[in-house]
Amino acid sequence: MDLAHVSNQQNSDSQSQISHLALDIGGSLIKLVYFSRNNDSGKDDDEQRSQNKSLDMSDCGTSQPVLEGRLHFAKFETSKINDCLEFIQRKKLRLGDFHDCTAPSSDKIFIKATGGGAYKFADLFKEKLGISLDKEDEMDCLVTGANFLLKAIHQEAFTYLDGQKEFVQIDPNDLYPYLLVNIGSGVSMIKVDGDGKFERVSGTSLGGGTFWGLGRLLTKCKNFDELLELSHQGNNRVVDMLVGDIYGGTDYAKIGLSATTIASSFGKAIADNKELEDYKSEDLSRSLLRMISNNIGQISYLNALRFGLKRIFFAGFFIRGHAYTMDTISVAVHFWSKGEAKAMFLRHEGFLGALGAFMSYEKHIPDGPMVHKILPRSPISVSSAGNKIYCSLNSDSNENDSIECNVYGT
Amino acid sequence: MDLLVHVSNQQNPEPEGQISHLALDIGGSLIKLVYLSGNNDSGRYDDEQRSQNESLDFSVTGTSQPVLKGRLHFTKFETSKINDCLEFISSKKLCLGGFHDSTAHSSDNIFIKATGGGAYKFADLFKEKLGISLEKEDEMDCLVTGANFLLKAVHQEAFTYLDGQKEFVQIDHNDLYPYLLVNIGSGVSMIKVDGEGKFERVSGTSLGGGSFWGLGRLLTKCKNFDELLELSHEGNNRVVDMLVGDIYGGTDYAKIGLSATTIASSFGKVISDNKELEDYKPEDISRSLLRMISNNIGQISYLNALRFGLKRILFAGFFIRGHAYTMDTISVAVHFWSKGEAKAMFLRHEGFLGALGAFMGYDKQSLMA
């Protein structure tokens, strides 16, 4: 049947054969996670080729068929969803695994999708690609993705203080509870108490979309990365009103504010002898970044405090491994918590939702031949029951490294 | 100050005149003045001042009889236009006899109470231009003193604002503490007040009135704060903000309690439009900005009130200016985040807490001199 169909097909072209794909369609960005099998010729990875196996997956239960391959990550702007559709279309060749066997027609293809766009663009996917989006809850996926990354991936979480990046060894038995702060267009703050045990306790509308939107209006930057780049050179003191500006150069030591503490973001811009054009884009961008980052750090801390949580994990594509952003957030959390709480970041920061949606393929059909356990290969962590994931990370480290994985069918 | 102060909102139009006492709160953006003029003064009554910051009948009582009577007046200047303020003080300086420092050799040493950062920053300027010494009072101290004074002594000072309804709150003096005082100036200070002179600044945020004014100026070419506020009346924030419904295709995200009209990302819509700054209406930008800053302050205030078990949050400072939409947004934010537990309250003399507190710092001797 379908599985046999999948396993016997040899992909002859140079495209990767995707057998699983999951989407997180957010307000600003579409995040994709997809699994490509090892008989690809997309990458000249010797290790991959040597492990090329023919797979017998028509049998359920007796053997342990394994798909070996890689988890890949990609993203598109939501406003350019057609690019994403084209991408999926090109990769669509082997979406056989997605066939919904319970449907009368075997042509019905579905892929897991989360985020608001799973609802908003459901019709579009159906029309343009004939694909049904199988909707997964956004918060659920974020948490599932986070737990997966924290437990299964070596060197996923790290702190960033004083310019120093330090990986954090997470003890899987000491993972919970923690606060997950996902900074996308907006921000969600989720208290995570266990696998599948969580509550969205807070959020803020001053998020990545705010930085991008206000930044666009103030600087004419064409995109988010350009805005971030600019901020490197900026001097926020041109635009921000510091305590020292109000107090004539001194600290307000009595209440713990140094002269360089920002009293009012953009407070200097009230001066009526300058117009927008008179300000440097770098300075505006840096102030904006500082303002949003500080604010998120503060609200995150107040919520961590509220629930007695010592660890705050920051995720989402606002951060992008950007040093100044991580530094500002870390300093804010450190400042407000007087050193009590720790800000941590994730290497696959923006892909939590997509990963979580991807993981939900595991639970799809309980007794059909489609149950897949996703087991990334790893020399490192073997964990307790319930954790079916072993991963080793590709060492050609770009931002969103692909992850070598095994997918087991039962 | 061990004397009784009686204040009432008498509306007798009394002419202005001889100032006997004056106090300043020199902030990052605004200079706030409070001054006392005697009963036999003549002057004009400013209608705007009257509606916003009415002068108050003020009497100080000693053991058996009033020792001082007059009107407390309120006025403000932009800190960037400090010279206007100096001129104003100069023109009123006629009867600053009460300020003479009698312990000094020369009886020419005039001092006035001043708080805020400007009390330090502009000390030299006051000395040079007016020959006045600024006697510095701590800013937080003055804010709290001013707040406690207003809440206890002025009738109908505090009020709530929900669904467009303004409702004065009767504060029981024995049940005043503790409360959270949120002063929204250029920046924001959040102070836990536990009693007379008992307080702690527990938090703050740099997203304050200065941010609204500064960002607003950059984005709309408005000339001043009030113009920016005016504009926001006509604005539609949905043009600029990304709502939950925009992300979810029109529906709520009910599972986590967010309706389709909840703002998911302030200014988030701008990223995908093929529009430039000039293509946006200043009203819409102003409204989004106001909403963003107000919501944020409401949220952080609430999180701090929660942290210390405080049910009442008093909002002060010149960000609010009795502006309906601002008060409504803050009230709704506090209500939303606290699930109705906490109450947002506003003060009629919102921006003058610091100056009033500094004013209260004059002791009996100097008031009677």
# chains A, B, ... in the order shown; residues from 1 in each chain; ligands from 1
call {"tool": "closest_atom_pairs", "arguments": {"of": "chain B", "to": "chain A", "cutoff": "8 Å", "atoms": "only C-alpha atoms", "output": "JSON lines"}}
result
{"residue": "B:Gly27", "atom": "CA", "partner": "A:Ile246", "partner_atom": "CA", "distance": 6.6}
{"residue": "B:Gly28", "atom": "CA", "partner": "A:Ile246", "partner_atom": "CA", "distance": 5.0}
{"residue": "B:Ser80", "atom": "CA", "partner": "A:Ala271", "partner_atom": "CA", "distance": 7.5}
{"residue": "B:Gly116", "atom": "CA", "partner": "A:Tyr247", "partner_atom": "CA", "distance": 7.6}
{"residue": "B:Gly117", "atom": "CA", "partner": "A:Tyr247", "partner_atom": "CA", "distance": 3.9}
{"residue": "B:Gly118", "atom": "CA", "partner": "A:Tyr247", "partner_atom": "CA", "distance": 5.8}
{"residue": "B:Ala119", "atom": "CA", "partner": "A:Tyr247", "partner_atom": "CA", "distance": 7.7}
{"residue": "B:Tyr120", "atom": "CA", "partner": "A:Tyr247", "partner_atom": "CA", "distance": 5.9}
{"residue": "B:Lys121", "atom": "CA", "partner": "A:Gly248", "partner_atom": "CA", "distance": 4.0}
{"residue": "B:Phe122", "atom": "CA", "partner": "A:Gly248", "partner_atom": "CA", "distance": 7.6}
{"residue": "B:Ser186", "atom": "CA", "partner": "A:Ser264", "partner_atom": "CA", "distance": 5.5}
{"residue": "B:Gly187", "atom": "CA", "partner": "A:Ser264", "partner_atom": "CA", "distance": 4.5}
{"residue": "B:Val188", "atom": "CA", "partner": "A:Ala263", "partner_atom": "CA", "distance": 7.7}
{"residue": "B:Arg201", "atom": "CA", "partner": "A:Ile255", "partner_atom": "CA", "distance": 6.8}
{"residue": "B:Thr205", "atom": "CA", "partner": "A:Ala263", "partner_atom": "CA", "distance": 7.5}
{"residue": "B:Ser206", "atom": "CA", "partner": "A:Ser264", "partner_atom": "CA", "distance": 4.3}
{"residue": "B:Leu207", "atom": "CA", "partner": "A:Ser265", "partner_atom": "CA", "distance": 5.7}
{"residue": "B:Gly208", "atom": "CA", "partner": "A:Ser264", "partner_atom": "CA", "distance": 6.1}
{"residue": "B:Gly209", "atom": "CA", "partner": "A:Ser264", "partner_atom": "CA", "distance": 7.8}
{"residue": "B:Gly210", "atom": "CA", "partner": "A:Gly267", "partner_atom": "CA", "distance": 4.3}
{"residue": "B:Ser211", "atom": "CA", "partner": "A:Phe266", "partner_atom": "CA", "distance": 5.0}
{"residue": "B:Trp213", "atom": "CA", "partner": "A:Ile270", "partner_atom": "CA", "distance": 6.0}
{"residue": "B:Gly214", "atom": "CA", "partner": "A:Ala269", "partner_atom": "CA", "distance": 4.4}
{"residue": "B:Leu215", "atom": "CA", "partner": "A:Phe266", "partner_atom": "CA", "distance": 6.2}
{"residue": "B:Arg217", "atom": "CA", "partner": "A:Ile270", "partner_atom": "CA", "distance": 6.5}
{"residue": "B:Leu218", "atom": "CA", "partner": "A:Leu276", "partner_atom": "CA", "distance": 5.0}
{"residue": "B:Leu219", "atom": "CA", "partner": "A:Leu218", "partner_atom": "CA", "distance": 7.0}
{"residue": "B:Lys221", "atom": "CA", "partner": "A:Glu275", "partner_atom": "CA", "distance": 7.7}
{"residue": "B:Lys223", "atom": "CA", "partner": "A:Asp272", "partner_atom": "CA", "distance": 7.4}
{"residue": "B:Met242", "atom": "CA", "partner": "A:Gly27", "partner_atom": "CA", "distance": 7.8}
{"residue": "B:Asp246", "atom": "CA", "partner": "A:Gly27", "partner_atom": "CA", "distance": 7.5}
{"residue": "B:Ile247", "atom": "CA", "partner": "A:Gly116", "partner_atom": "CA", "distance": 4.9}
{"residue": "B:Tyr248", "atom": "CA", "partner": "A:Gly116", "partner_atom": "CA", "distance": 3.9}
{"residue": "B:Gly249", "atom": "CA", "partner": "A:Lys120", "partner_atom": "CA", "distance": 4.0}
{"residue": "B:Gly250", "atom": "CA", "partner": "A:Lys120", "partner_atom": "CA", "distance": 7.6}
{"residue": "B:Ile256", "atom": "CA", "partner": "A:Arg200", "partner_atom": "CA", "distance": 6.8}
{"residue": "B:Ile263", "atom": "CA", "partner": "A:Ser205", "partner_atom": "CA", "distance": 6.2}
{"residue": "B:Ala264", "atom": "CA", "partner": "A:Ser205", "partner_atom": "CA", "distance": 5.0}
{"residue": "B:Ser265", "atom": "CA", "partner": "A:Ser205", "partner_atom": "CA", "distance": 4.3}
{"residue": "B:Ser266", "atom": "CA", "partner": "A:Thr210", "partner_atom": "CA", "distance": 5.2}
{"residue": "B:Phe267", "atom": "CA", "partner": "A:Thr210", "partner_atom": "CA", "distance": 5.0}
{"residue": "B:Gly268", "atom": "CA", "partner": "A:Gly209", "partner_atom": "CA", "distance": 4.3}
{"residue": "B:Lys269", "atom": "CA", "partner": "A:Gly213", "partner_atom": "CA", "distance": 7.0}
{"residue": "B:Val270", "atom": "CA", "partner": "A:Gly213", "partner_atom": "CA", "distance": 4.9}
{"residue": "B:Ile271", "atom": "CA", "partner": "A:Gly213", "partner_atom": "CA", "distance": 5.0}
{"residue": "B:Ser272", "atom": "CA", "partner": "A:Ser79", "partner_atom": "CA", "distance": 5.9}
{"residue": "B:Glu276", "atom": "CA", "partner": "A:Leu217", "partner_atom": "CA", "distance": 6.7}
{"residue": "B:Leu277", "atom": "CA", "partner": "A:Leu217", "partner_atom": "CA", "distance": 5.1}
{"residue": "B:Met292", "atom": "CA", "partner": "A:Leu206", "partner_atom": "CA", "distance": 7.4}
{"residue": "B:Asn296", "atom": "CA", "partner": "A:Thr204", "partner_atom": "CA", "distance": 7.7}
{"residue": "B:Ile300", "atom": "CA", "partner": "A:Ile299", "partner_atom": "CA", "distance": 6.8}
{"residue": "B:Leu303", "atom": "CA", "partner": "A:Leu302", "partner_atom": "CA", "distance": 6.6}
{"residue": "B:Asn304", "atom": "CA", "partner": "A:Leu302", "partner_atom": "CA", "distance": 7.7}
{"residue": "B:Arg307", "atom": "CA", "partner": "A:Arg306", "partner_atom": "CA", "distance": 6.8}
call {"tool": "write_last_selection", "arguments": {"atoms": "C-alpha atoms", "output": "mmCIF file, in the first residue's frame"}}
result
data_model
loop_
_atom_site.group_PDB
_atom_site.id
_atom_site.type_symbol
_atom_site.label_atom_id
_atom_site.label_comp_id
_atom_site.auth_asym_id
_atom_site.auth_seq_id
_atom_site.Cartn_x
_atom_site.Cartn_y
_atom_site.Cartn_z
ATOM 1 C CA GLY B 27 11.184 66.890 35.457
ATOM 2 C CA GLY B 28 12.641 65.580 32.246
ATOM 3 C CA SER B 80 13.056 72.896 27.341
ATOM 4 C CA GLY B 116 12.807 66.312 40.347
ATOM 5 C CA GLY B 117 16.111 65.953 38.562
ATOM 6 C CA GLY B 118 16.051 69.558 37.482
ATOM 7 C CA ALA B 119 16.483 70.669 41.071
ATOM 8 C CA TYR B 120 20.050 69.477 40.612
ATOM 9 C CA LYS B 121 20.491 70.114 36.936
ATOM 10 C CA PHE B 122 19.291 73.721 37.012
ATOM 11 C CA SER B 186 8.778 61.220 30.973
ATOM 12 C CA GLY B 187 9.394 57.814 32.442
ATOM 13 C CA VAL B 188 7.404 55.836 34.952
ATOM 14 C CA ARG B 201 9.988 52.523 44.718
ATOM 15 C CA THR B 205 9.492 51.506 33.088
ATOM 16 C CA SER B 206 11.232 53.613 30.492
ATOM 17 C CA LEU B 207 8.175 53.442 28.234
ATOM 18 C CA GLY B 208 6.420 56.516 29.527
ATOM 19 C CA GLY B 209 5.056 59.877 28.517
ATOM 20 C CA GLY B 210 8.348 60.815 26.938
ATOM 21 C CA SER B 211 8.184 57.740 24.727
ATOM 22 C CA TRP B 213 5.647 62.176 22.912
ATOM 23 C CA GLY B 214 9.031 61.381 21.350
ATOM 24 C CA LEU B 215 7.900 58.561 19.085
ATOM 25 C CA ARG B 217 6.723 63.532 17.266
ATOM 26 C CA LEU B 218 8.987 61.483 15.032
ATOM 27 C CA LEU B 219 6.110 59.688 13.376
ATOM 28 C CA LYS B 221 5.174 65.881 13.001
ATOM 29 C CA LYS B 223 4.227 70.024 17.531
ATOM 30 C CA MET B 242 -1.786 43.327 14.099
ATOM 31 C CA ASP B 246 -5.429 39.126 11.591
ATOM 32 C CA ILE B 247 -3.203 36.170 12.398
ATOM 33 C CA TYR B 248 -5.997 33.667 12.894
ATOM 34 C CA GLY B 249 -8.076 34.614 9.880
ATOM 35 C CA GLY B 250 -10.835 36.444 11.695
ATOM 36 C CA ILE B 256 -6.040 31.125 25.605
ATOM 37 C CA ILE B 263 -3.829 43.368 19.799
ATOM 38 C CA ALA B 264 -1.286 40.643 19.105
ATOM 39 C CA SER B 265 1.471 42.934 17.909
ATOM 40 C CA SER B 266 1.486 46.722 18.180
ATOM 41 C CA PHE B 267 2.458 48.251 14.848
ATOM 42 C CA GLY B 268 2.678 44.713 13.496
ATOM 43 C CA LYS B 269 0.618 45.397 10.399
ATOM 44 C CA VAL B 270 3.170 47.850 9.102
ATOM 45 C CA ILE B 271 5.630 45.136 8.220
ATOM 46 C CA SER B 272 3.631 43.704 5.408
ATOM 47 C CA GLU B 276 5.668 54.307 3.739
ATOM 48 C CA LEU B 277 5.321 56.483 6.820
ATOM 49 C CA MET B 292 0.655 50.580 23.190
ATOM 50 C CA ASN B 296 2.003 48.349 28.714
ATOM 51 C CA ILE B 300 3.391 46.290 34.405
ATOM 52 C CA LEU B 303 2.058 42.796 37.809
ATOM 53 C CA ASN B 304 3.628 44.894 40.528
ATOM 54 C CA ARG B 307 3.416 41.066 43.534
#
call {"tool": "select_by_dssp", "arguments": {"residues": "region 281-326 of chain B", "states": "alpha helix (DSSP H)", "output": "short mmCIF file (atom, residue, chain, number, x, y, z; two decimals) with all heavy atoms, in the first residue's frame"}}
result
data_model
loop_
_atom_site.label_atom_id
_atom_site.label_comp_id
_atom_site.auth_asym_id
_atom_site.auth_seq_id
_atom_site.Cartn_x
_atom_site.Cartn_y
_atom_site.Cartn_z
N PRO B 282 -1.72 60.19 10.57
CA PRO B 282 -1.15 60.44 11.91
C PRO B 282 -2.11 60.05 13.03
O PRO B 282 -1.67 59.63 14.11
CB PRO B 282 -0.86 61.95 11.92
CG PRO B 282 -1.35 62.50 10.65
CD PRO B 282 -1.67 61.37 9.72
N GLU B 283 -3.42 60.13 12.79
CA GLU B 283 -4.38 59.75 13.84
C GLU B 283 -4.22 58.30 14.22
O GLU B 283 -4.27 57.93 15.40
CB GLU B 283 -5.84 59.90 13.37
CG GLU B 283 -6.25 61.24 12.83
CD GLU B 283 -6.00 61.37 11.36
OE1 GLU B 283 -4.88 61.78 11.00
OE2 GLU B 283 -6.92 61.07 10.58
N ASP B 284 -4.07 57.46 13.19
CA ASP B 284 -3.98 56.03 13.43
C ASP B 284 -2.69 55.70 14.18
O ASP B 284 -2.67 54.88 15.09
CB ASP B 284 -4.04 55.25 12.11
CG ASP B 284 -5.36 55.46 11.39
OD1 ASP B 284 -6.34 55.89 12.03
OD2 ASP B 284 -5.42 55.21 10.16
N ILE B 285 -1.63 56.35 13.76
CA ILE B 285 -0.35 56.11 14.43
C ILE B 285 -0.40 56.56 15.88
O ILE B 285 0.05 55.87 16.80
CB ILE B 285 0.79 56.83 13.67
CG1 ILE B 285 1.03 56.12 12.33
CG2 ILE B 285 2.06 56.87 14.50
CD1 ILE B 285 2.12 56.74 11.50
N SER B 286 -0.97 57.74 16.08
CA SER B 286 -1.05 58.28 17.43
C SER B 286 -1.88 57.37 18.33
O SER B 286 -1.51 57.11 19.48
CB SER B 286 -1.67 59.68 17.39
OG SER B 286 -1.85 60.16 18.69
N ARG B 287 -2.98 56.88 17.81
CA ARG B 287 -3.85 56.04 18.62
C ARG B 287 -3.15 54.72 18.98
O ARG B 287 -3.23 54.25 20.12
CB ARG B 287 -5.15 55.76 17.87
CG ARG B 287 -6.25 55.26 18.79
CD ARG B 287 -7.58 55.35 18.07
NE ARG B 287 -8.70 54.80 18.78
CZ ARG B 287 -9.52 55.49 19.56
NH1 ARG B 287 -9.32 56.78 19.76
NH2 ARG B 287 -10.53 54.89 20.14
N SER B 288 -2.46 54.15 18.00
CA SER B 288 -1.74 52.90 18.28
C SER B 288 -0.66 53.11 19.33
O SER B 288 -0.46 52.28 20.22
CB SER B 288 -1.05 52.38 17.02
OG SER B 288 -1.99 51.87 16.13
N LEU B 289 0.02 54.22 19.19
CA LEU B 289 1.09 54.56 20.12
C LEU B 289 0.52 54.73 21.53
O LEU B 289 1.05 54.19 22.51
CB LEU B 289 1.72 55.87 19.65
CG LEU B 289 3.19 56.14 19.88
CD1 LEU B 289 4.04 54.93 19.56
CD2 LEU B 289 3.62 57.32 19.03
N LEU B 290 -0.58 55.46 21.61
CA LEU B 290 -1.21 55.71 22.91
C LEU B 290 -1.66 54.39 23.53
O LEU B 290 -1.46 54.12 24.72
CB LEU B 290 -2.40 56.64 22.73
CG LEU B 290 -3.09 57.11 23.99
CD1 LEU B 290 -2.13 57.83 24.92
CD2 LEU B 290 -4.25 58.04 23.64
N ARG B 291 -2.25 53.57 22.72
CA ARG B 291 -2.73 52.26 23.18
C ARG B 291 -1.57 51.41 23.67
O ARG B 291 -1.62 50.78 24.73
CB ARG B 291 -3.42 51.59 21.99
CG ARG B 291 -4.21 50.36 22.33
CD ARG B 291 -5.62 50.67 22.71
NE ARG B 291 -6.35 49.43 22.92
CZ ARG B 291 -7.22 48.92 22.08
NH1 ARG B 291 -7.48 49.57 20.96
NH2 ARG B 291 -7.82 47.79 22.34
N MET B 292 -0.50 51.40 22.88
CA MET B 292 0.66 50.58 23.19
C MET B 292 1.26 50.98 24.54
O MET B 292 1.50 50.14 25.41
CB MET B 292 1.70 50.77 22.08
CG MET B 292 2.95 49.94 22.23
SD MET B 292 4.08 50.21 20.83
CE MET B 292 5.25 51.36 21.54
N ILE B 293 1.52 52.27 24.71
CA ILE B 293 2.14 52.75 25.94
C ILE B 293 1.19 52.55 27.13
O ILE B 293 1.60 52.08 28.21
CB ILE B 293 2.51 54.25 25.82
CG1 ILE B 293 3.49 54.47 24.65
CG2 ILE B 293 3.09 54.78 27.12
CD1 ILE B 293 4.89 54.01 24.89
N SER B 294 -0.07 52.88 26.95
CA SER B 294 -1.03 52.76 28.05
C SER B 294 -1.24 51.31 28.48
O SER B 294 -1.25 51.01 29.68
CB SER B 294 -2.38 53.36 27.64
OG SER B 294 -2.23 54.69 27.23
N ASN B 295 -1.41 50.43 27.50
CA ASN B 295 -1.58 49.01 27.81
C ASN B 295 -0.40 48.47 28.59
O ASN B 295 -0.53 47.74 29.57
CB ASN B 295 -1.68 48.19 26.51
CG ASN B 295 -3.11 47.97 26.08
OD1 ASN B 295 -4.03 47.99 26.89
ND2 ASN B 295 -3.29 47.74 24.80
N ASN B 296 0.77 48.85 28.11
CA ASN B 296 2.00 48.35 28.71
C ASN B 296 2.14 48.81 30.17
O ASN B 296 2.49 48.04 31.06
CB ASN B 296 3.20 48.84 27.89
CG ASN B 296 4.45 48.02 28.15
OD1 ASN B 296 4.46 46.81 28.02
ND2 ASN B 296 5.52 48.70 28.55
N ILE B 297 1.84 50.09 30.39
CA ILE B 297 1.92 50.62 31.75
C ILE B 297 0.88 49.93 32.62
O ILE B 297 1.17 49.56 33.77
CB ILE B 297 1.71 52.15 31.75
CG1 ILE B 297 2.92 52.84 31.11
CG2 ILE B 297 1.51 52.66 33.17
CD1 ILE B 297 2.75 54.33 30.91
N GLY B 298 -0.31 49.73 32.08
CA GLY B 298 -1.35 49.05 32.85
C GLY B 298 -0.91 47.65 33.25
O GLY B 298 -1.09 47.21 34.39
N GLN B 299 -0.28 46.96 32.32
CA GLN B 299 0.14 45.59 32.59
C GLN B 299 1.26 45.52 33.64
O GLN B 299 1.17 44.76 34.60
CB GLN B 299 0.62 44.92 31.29
CG GLN B 299 1.07 43.48 31.49
CD GLN B 299 1.59 42.83 30.23
OE1 GLN B 299 1.91 43.50 29.25
NE2 GLN B 299 1.68 41.50 30.25
N ILE B 300 2.28 46.34 33.46
CA ILE B 300 3.39 46.29 34.41
C ILE B 300 2.93 46.77 35.79
O ILE B 300 3.36 46.24 36.81
CB ILE B 300 4.59 47.13 33.89
CG1 ILE B 300 5.12 46.52 32.59
CG2 ILE B 300 5.70 47.18 34.93
CD1 ILE B 300 6.25 47.29 31.95
N SER B 301 2.05 47.75 35.80
CA SER B 301 1.52 48.22 37.08
C SER B 301 0.80 47.08 37.78
O SER B 301 1.01 46.83 38.97
CB SER B 301 0.52 49.37 36.86
OG SER B 301 1.12 50.43 36.18
N TYR B 302 -0.04 46.40 37.00
CA TYR B 302 -0.79 45.32 37.61
C TYR B 302 0.14 44.23 38.15
O TYR B 302 -0.05 43.72 39.26
CB TYR B 302 -1.81 44.70 36.64
CG TYR B 302 -2.29 43.42 37.20
CD1 TYR B 302 -3.04 43.40 38.39
CD2 TYR B 302 -1.92 42.19 36.65
CE1 TYR B 302 -3.41 42.22 38.98
CE2 TYR B 302 -2.30 41.00 37.25
CZ TYR B 302 -3.04 41.03 38.42
OH TYR B 302 -3.40 39.85 39.00
N LEU B 303 1.15 43.86 37.36
CA LEU B 303 2.06 42.80 37.81
C LEU B 303 2.75 43.18 39.11
O LEU B 303 3.04 42.33 39.96
CB LEU B 303 3.10 42.50 36.72
CG LEU B 303 2.55 41.70 35.53
CD1 LEU B 303 3.55 41.67 34.38
CD2 LEU B 303 2.20 40.27 35.94
N ASN B 304 3.01 44.46 39.28
CA ASN B 304 3.63 44.89 40.53
C ASN B 304 2.63 44.96 41.68
O ASN B 304 2.95 44.67 42.81
CB ASN B 304 4.33 46.24 40.33
CG ASN B 304 5.72 46.06 39.73
OD1 ASN B 304 6.65 45.60 40.39
ND2 ASN B 304 5.86 46.37 38.46
N ALA B 305 1.41 45.37 41.37
CA ALA B 305 0.38 45.40 42.41
C ALA B 305 0.16 43.97 42.91
O ALA B 305 0.08 43.72 44.12
CB ALA B 305 -0.92 45.96 41.86
N LEU B 306 0.10 43.05 41.99
CA LEU B 306 -0.10 41.63 42.31
C LEU B 306 1.03 41.13 43.19
O LEU B 306 0.81 40.45 44.20
CB LEU B 306 -0.12 40.84 41.01
CG LEU B 306 -0.24 39.32 41.13
CD1 LEU B 306 -1.62 38.96 41.64
CD2 LEU B 306 0.02 38.67 39.78
N ARG B 307 2.22 41.50 42.82
CA ARG B 307 3.42 41.07 43.53
C ARG B 307 3.35 41.42 45.01
O ARG B 307 3.84 40.69 45.86
CB ARG B 307 4.57 41.79 42.86
CG ARG B 307 5.95 41.45 43.27
CD ARG B 307 6.85 42.27 42.38
NE ARG B 307 8.22 42.22 42.83
CZ ARG B 307 9.16 43.02 42.36
NH1 ARG B 307 8.86 43.92 41.45
NH2 ARG B 307 10.38 42.92 42.82
N ALA B 324 -9.78 60.86 28.06
CA ALA B 324 -10.68 59.71 28.18
C ALA B 324 -10.08 58.40 27.67
O ALA B 324 -10.10 57.38 28.36
CB ALA B 324 -11.99 60.01 27.46
N TYR B 325 -9.57 58.43 26.45
CA TYR B 325 -9.07 57.19 25.85
C TYR B 325 -7.90 56.61 26.64
O TYR B 325 -7.79 55.40 26.80
CB TYR B 325 -8.67 57.44 24.39
CG TYR B 325 -8.36 56.17 23.62
CD1 TYR B 325 -9.33 55.21 23.38
CD2 TYR B 325 -7.08 55.93 23.12
CE1 TYR B 325 -9.05 54.05 22.68
CE2 TYR B 325 -6.79 54.77 22.41
CZ TYR B 325 -7.78 53.85 22.19
OH TYR B 325 -7.50 52.69 21.49
N THR B 326 -7.06 57.48 27.14
CA THR B 326 -5.92 57.01 27.93
C THR B 326 -6.39 56.32 29.20
O THR B 326 -5.96 55.22 29.52
CB THR B 326 -5.01 58.20 28.30
OG1 THR B 326 -4.73 58.96 27.12
CG2 THR B 326 -3.72 57.71 28.91
#
call {"tool": "closest_residue", "arguments": {"among": "B:Phe88, B:Phe159, B:Phe111, B:Phe58", "to": "Leu36 (chain B)", "atoms": "only C-alpha atoms"}}
result
B:Phe58
call {"tool": "residues_around", "arguments": {"residues": "Leu179 (chain A)", "least_positions_apart": "3", "cutoff": "10 Å", "atoms": "only C-alpha atoms", "output": "PyMOL selection string"}}
result
chain A and resi 176+182+189-193+198-201+300-301+303-304+307-314+343
call {"tool": "closest_residue", "arguments": {"among": "A:Thr260, A:Ser293, A:Thr325, A:Glu404", "to": "Arg37 (chain A)", "atoms": "only C-alpha atoms"}}
result
A:Glu404
call {"tool": "atom_distance", "arguments": {"atom1": "CA of Lys69 (chain B)", "atom2": "CA of Asp138 (chain B)"}}
result
26.6 Å
call {"tool": "atom_distance", "arguments": {"atom1": "CA of Asp328 (chain B)", "atom2": "CA of Lys255 (chain B)"}}
result
25.9 Å
call {"tool": "select_by_dssp", "arguments": {"residues": "region 92-307 of chain B", "states": "strand (DSSP E)", "output": "ChimeraX atom specification"}}
result
/B:110-115,132-136,158-162,165-168,179-184,188-195,198-205,242-243,263-265
call {"tool": "decode", "arguments": {"residues": "region 72-78 of chain A", "atoms": "N, CA, C and O atoms", "output": "JSON list (two decimals), in the first residue's frame"}}
result
[["chain", "number", "residue", "atom", "x", "y", "z"],
["A", 72, "HIS", "N", 15.20, 19.46, 8.38],
["A", 72, "HIS", "CA", 15.62, 20.75, 7.85],
["A", 72, "HIS", "C", 14.69, 21.86, 8.31],
["A", 72, "HIS", "O", 13.53, 21.63, 8.63],
["A", 73, "PHE", "N", 15.23, 23.05, 8.28],
["A", 73, "PHE", "CA", 14.46, 24.21, 8.73],
["A", 73, "PHE", "C", 14.49, 25.29, 7.67],
["A", 73, "PHE", "O", 15.52, 25.55, 7.07],
["A", 74, "ALA", "N", 13.38, 25.91, 7.46],
["A", 74, "ALA", "CA", 13.33, 27.03, 6.52],
["A", 74, "ALA", "C", 12.27, 28.01, 6.95],
["A", 74, "ALA", "O", 11.37, 27.66, 7.71],
["A", 75, "LYS", "N", 12.35, 29.22, 6.47],
["A", 75, "LYS", "CA", 11.30, 30.19, 6.78],
["A", 75, "LYS", "C", 11.05, 31.13, 5.61],
["A", 75, "LYS", "O", 11.90, 31.35, 4.77],
["A", 76, "PHE", "N", 9.83, 31.67, 5.63],
["A", 76, "PHE", "CA", 9.39, 32.63, 4.62],
["A", 76, "PHE", "C", 8.61, 33.72, 5.33],
["A", 76, "PHE", "O", 8.08, 33.52, 6.40],
["A", 77, "GLU", "N", 8.52, 34.88, 4.70],
["A", 77, "GLU", "CA", 7.64, 35.91, 5.25],
["A", 77, "GLU", "C", 6.19, 35.52, 4.93],
["A", 77, "GLU", "O", 5.91, 35.06, 3.82],
["A", 78, "THR", "N", 5.33, 35.70, 5.91],
["A", 78, "THR", "CA", 3.93, 35.34, 5.70],
["A", 78, "THR", "C", 3.33, 36.15, 4.55],
["A", 78, "THR", "O", 2.47, 35.66, 3.82]]
